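Asker: File input07.cif follows (mmCIF, C-alpha atoms):
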data_structure
#
loop_
_atom_site.label_atom_id
_atom_site.label_comp_id
_atom_site.auth_asym_id
_atom_site.auth_seq_id
_atom_site.Cartn_x
_atom_site.Cartn_y
_atom_site.Cartn_z
CA MET J 1 25.69 5.47 -5.02
CA LYS J 2 28.33 2.79 -4.25
CA ASP J 3 27.88 -0.16 -1.95
CA PRO J 4 30.69 -1.47 0.31
CA LYS J 5 31.91 -3.73 -2.52
CA GLY J 6 32.27 -0.79 -4.89
CA LYS J 7 29.21 -1.66 -7.00
CA THR J 8 27.40 1.42 -8.28
CA THR J 9 23.65 1.98 -8.34
CA LEU J 10 22.42 4.89 -10.46
CA PHE J 11 19.12 6.68 -9.88
CA THR J 12 17.57 8.66 -12.75
CA TYR J 13 14.85 11.29 -12.25
CA ASP J 14 12.67 13.21 -14.68
CA GLY J 15 11.92 16.94 -14.77
CA ARG J 16 9.29 16.53 -12.03
CA ASN J 17 11.90 14.87 -9.79
CA LEU J 18 10.16 11.49 -10.11
CA LEU J 19 12.32 8.38 -10.09
CA THR J 20 12.27 6.92 -13.61
CA LYS J 21 15.08 4.39 -13.56
CA VAL J 22 17.33 2.49 -11.17
CA THR J 23 20.41 0.93 -12.71
CA ASP J 24 21.93 -1.68 -10.45
CA ALA J 25 25.10 -3.56 -11.39
CA LYS J 26 23.66 -6.78 -9.98
CA GLN J 27 19.94 -6.58 -10.79
CA GLY J 28 19.97 -4.56 -14.02
CA VAL J 29 17.58 -1.74 -14.85
CA THR J 30 14.20 -1.12 -13.22
CA SER J 31 12.04 1.53 -14.92
CA TYR J 32 9.14 3.53 -13.51
CA GLY J 33 6.27 5.19 -15.38
CA TYR J 34 3.89 7.90 -14.12
CA ASP J 35 0.62 9.55 -15.08
CA SER J 36 0.11 13.30 -15.43
CA ASN J 37 -0.65 13.55 -11.68
CA GLY J 38 2.69 12.01 -10.73
CA ASN J 39 1.18 8.68 -9.70
CA ARG J 40 3.43 5.70 -10.41
CA THR J 41 1.62 3.64 -13.07
CA THR J 42 4.20 1.01 -13.99
CA VAL J 43 7.28 -0.69 -12.64
CA THR J 44 9.25 -2.73 -15.15
CA ASP J 45 12.03 -4.91 -13.79
CA ALA J 46 15.23 -5.94 -15.57
CA LYS J 47 13.51 -9.04 -16.99
CA GLY J 48 10.71 -7.00 -18.52
CA ASN J 49 8.11 -7.98 -15.92
CA VAL J 50 5.58 -5.17 -15.53
CA THR J 51 3.53 -4.28 -12.47
CA LYS J 52 0.70 -1.83 -13.23
CA TYR J 53 -1.00 0.61 -10.87
CA ASP J 54 -4.43 2.19 -11.38
CA TYR J 55 -5.80 5.11 -9.38
CA ASN J 56 -9.21 6.52 -8.55
CA GLU J 57 -10.27 10.13 -9.05
CA PHE J 58 -8.61 11.04 -5.74
CA ASN J 59 -5.21 9.63 -6.79
CA LEU J 60 -5.51 6.67 -4.42
CA VAL J 61 -4.39 3.26 -5.68
CA SER J 62 -7.47 1.33 -6.82
CA LYS J 63 -5.80 -1.66 -8.43
CA ILE J 64 -2.39 -3.29 -8.73
CA THR J 65 -1.83 -5.84 -11.48
CA ASN J 66 1.29 -7.95 -11.08
CA PRO J 67 3.30 -9.52 -13.92
CA LEU J 68 1.19 -12.70 -13.63
CA THR J 69 -1.92 -10.53 -14.26
CA GLN J 70 -3.13 -11.14 -10.72
CA VAL J 71 -5.09 -8.16 -9.43
CA ILE J 72 -5.15 -6.62 -5.95
CA GLN J 73 -8.09 -4.23 -5.53
CA PHE J 74 -8.50 -1.37 -3.09
CA GLU J 75 -11.60 0.54 -1.96
CA TYR J 76 -11.84 3.72 0.10
CA ASP J 77 -14.49 5.67 1.96
CA ARG J 78 -15.29 9.32 1.19
CA ASN J 79 -12.55 10.41 3.61
CA GLY J 80 -9.84 8.43 1.82
CA ASN J 81 -9.61 5.67 4.42
CA GLN J 82 -8.83 2.29 2.87
CA THR J 83 -11.93 0.20 3.57
CA LYS J 84 -11.25 -2.90 1.52
CA LEU J 85 -8.30 -4.83 0.14
CA VAL J 86 -9.00 -7.86 -2.05
CA TYR J 87 -6.20 -10.25 -2.93
CA PRO J 88 -6.36 -12.50 -6.00
CA LYS J 89 -7.94 -15.88 -5.25
CA SER J 90 -7.71 -15.14 -1.56
CA ASP J 91 -8.94 -13.06 1.32
CA ALA J 92 -10.82 -9.78 1.35
CA ILE J 93 -9.70 -7.56 4.20
CA SER J 94 -12.11 -4.81 5.23
CA SER J 95 -11.71 -1.97 7.69
CA THR J 96 -14.22 0.31 9.38
CA PHE J 97 -13.53 3.78 10.72
CA ASP J 98 -15.25 6.00 13.25
CA GLY J 99 -16.35 9.60 12.68
CA LEU J 100 -12.84 10.83 13.46
CA ASN J 101 -11.27 8.55 10.81
CA ARG J 102 -9.81 6.21 13.41
CA LEU J 103 -9.60 2.52 12.61
CA ASN J 104 -12.53 0.85 14.35
CA GLY J 105 -12.47 -2.76 13.16
CA THR J 106 -10.66 -5.11 10.82
CA TYR J 107 -12.46 -7.99 9.10
CA VAL J 108 -11.26 -10.91 6.99
CA ASN J 109 -13.89 -12.25 4.59
CA GLY J 110 -16.57 -10.49 6.64
CA VAL J 111 -15.50 -11.91 10.01
CA LYS J 112 -14.28 -9.41 12.59
CA LYS J 113 -10.67 -10.12 13.55
CA TRP J 114 -9.63 -6.97 15.42
CA GLY J 115 -11.30 -4.11 17.30
CA TYR J 116 -9.66 -0.86 18.36
CA GLY J 117 -10.32 1.58 21.21
CA TYR J 118 -9.19 5.17 21.71
CA ASP J 119 -9.04 7.70 24.52
CA ALA J 120 -10.45 11.24 24.42
CA ASN J 121 -7.20 12.50 22.86
CA GLY J 122 -7.41 10.03 20.00
CA ASN J 123 -4.62 7.79 21.28
CA LEU J 124 -4.96 4.08 20.60
CA THR J 125 -5.72 2.48 23.99
CA SER J 126 -6.70 -1.07 23.10
CA VAL J 127 -6.54 -3.69 20.39
CA ALA J 128 -8.69 -6.80 20.82
CA ASP J 129 -8.80 -9.91 18.67
CA ALA J 130 -11.92 -11.90 17.81
CA SER J 131 -11.45 -14.10 20.90
CA GLY J 132 -11.44 -11.10 23.22
CA ASN J 133 -7.72 -11.13 23.88
CA ALA J 134 -6.71 -7.51 24.27
CA ARG J 135 -3.63 -5.39 24.52
CA THR J 136 -3.92 -2.05 26.22
CA PHE J 137 -1.77 1.02 25.87
CA VAL J 138 -1.26 3.79 28.42
CA TYR J 139 -0.06 7.30 27.56
#
Could you write out this file's structure as structure tokens?

Answerer:
Amino acid sequence: MKDPKGKTTLFTYDGRNLLTKVTDAKQGVTSYGYDSNGNRTTVTDAKGNVTKYDYNEFNLVSKITNPLTQVIQFEYDRNGNQTKLVYPKSDAISSTFDGLNRLNGTYVNGVKKWGYGYDANGNLTSVADASGNARTFVY
């Protein structure tokens, strides 16, 4: 692929049609590694910095480790909804879901920040912050 200035970017794929390398005239080479399930496990940039990805038994990302070895962790419920996201040395963001897998609430460090409402058709009808300020949606 060529950009407007005539610089070429090459994309390389493996036998499973997974992107394994991007060669960019400006940025260099970025390489991608995968596990046997086709989940991306590593991204190595042109400077050799590696970002690693771990997965749970359902092939959902459970952990991302950046080149500084900082870890972002993910948790899911039995339906595959992301229920928790923990940043290194920072906030933990949690989400709750109703019986229909609709986002019900969002919490930061255990404090509710957002609530969500739905109509009988499952359409999002309201989003309210912790102070009660709400936005409503009509379909």

Asker: List the spatial neighbours of Thr51 (chain J) as a ChimeraX atom specification - criterion: any atom at most 7 Å away, all atoms listed in the file, same-chain residues fewer than 4 positions off excluded.

Answerer: /J:42-44,65-67

Asker: What does the distance between CA of Val50 (chain J) and CA of Leu85 (chain J) come to in Å, to one decimal place?

Answerer: 20.9 Å

Asker: Specify the axis-aligned box that encloses all atoms of region 26-42 of chain J listed in the file after padding of 4 Å on each side, stating its centre and edge lengths in Å to one decimal as AutoDock Vina command-line options.

Answerer:
--center_x 11.5 --center_y 3.4 --center_z -12.6 --size_x 32.3 --size_y 28.3 --size_z 13.7

Asker: Could you write out as a VMD selection string the residues that the PyMOL selection byres ((chain J and resi 16-19) around 10) matches in the shown file?

Answerer: chain J and resid 11 to 15 20 to 22 31 to 34 38 to 40

Asker: Any idea what the distance is between CA of Leu100 (chain J) and CA of Phe137 (chain J)?

Answerer: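 Result for CA of Leu100 (chain J) versus CA of Phe137 (chain J): 19.3 Å, one decimal.
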
Asker: Could you pull out every residue with an atom within 12 Å of (27.3, 4.2, -6.7), file coordinates, counting only C-alpha atoms, and send them as a list of chain:residue names?

Answerer: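 Looking at atoms near the point gives J:Met1, J:Lys2, J:Asp3, J:Pro4, J:Lys5, J:Gly6, J:Lys7, J:Thr8, J:Thr9, J:Leu10, J:Phe11, J:Val22, J:Thr23, J:Asp24, J:Ala25.
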
Asker: Exactly which residues make up the result of the PyMOL selection byres ((chain J and resi 129) around 12) on this file, given as a VMD selection string?

Answerer: chain J and resid 105 to 108 111 to 117 126 to 128 130 to 136

Asker: What does the structure give for the distance between CA of Tyr118 (chain J) and CA of Thr96 (chain J), in Å to one decimal?

Answerer: 14.2 Å

Asker: Please expand the PyMOL selection byres ((chain J and resi 58) around 12) into the concrete residues it hits in this file, giving the result as a list in words.

Answerer: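 In the shown coordinates, the PyMOL selection byres ((chain J and resi 58) around 12) covers Asn37, Asn39, Asp54, Tyr55, Asn56, Glu57, Asn59, Leu60, Val61, Ser62, Glu75, Tyr76, Asp77, Arg78, Asn79, Gly80 and Asn81 of chain J.
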
Asker: Keeping only C-alpha atoms, take the residues you just selected and write them out as a compact mmCIF listing (two decimals), keeping the file's coordinate frame.

Answerer:
# COMPACT_ATOMS: atom_id res chain seq x y z
CA ASN J 37 -0.65 13.55 -11.68
CA ASN J 39 1.18 8.68 -9.70
CA ASP J 54 -4.43 2.19 -11.38
CA TYR J 55 -5.80 5.11 -9.38
CA ASN J 56 -9.21 6.52 -8.55
CA GLU J 57 -10.27 10.13 -9.05
CA ASN J 59 -5.21 9.63 -6.79
CA LEU J 60 -5.51 6.67 -4.42
CA VAL J 61 -4.39 3.26 -5.68
CA SER J 62 -7.47 1.33 -6.82
CA GLU J 75 -11.60 0.54 -1.96
CA TYR J 76 -11.84 3.72 0.10
CA ASP J 77 -14.49 5.67 1.96
CA ARG J 78 -15.29 9.32 1.19
CA ASN J 79 -12.55 10.41 3.61
CA GLY J 80 -9.84 8.43 1.82
CA ASN J 81 -9.61 5.67 4.42
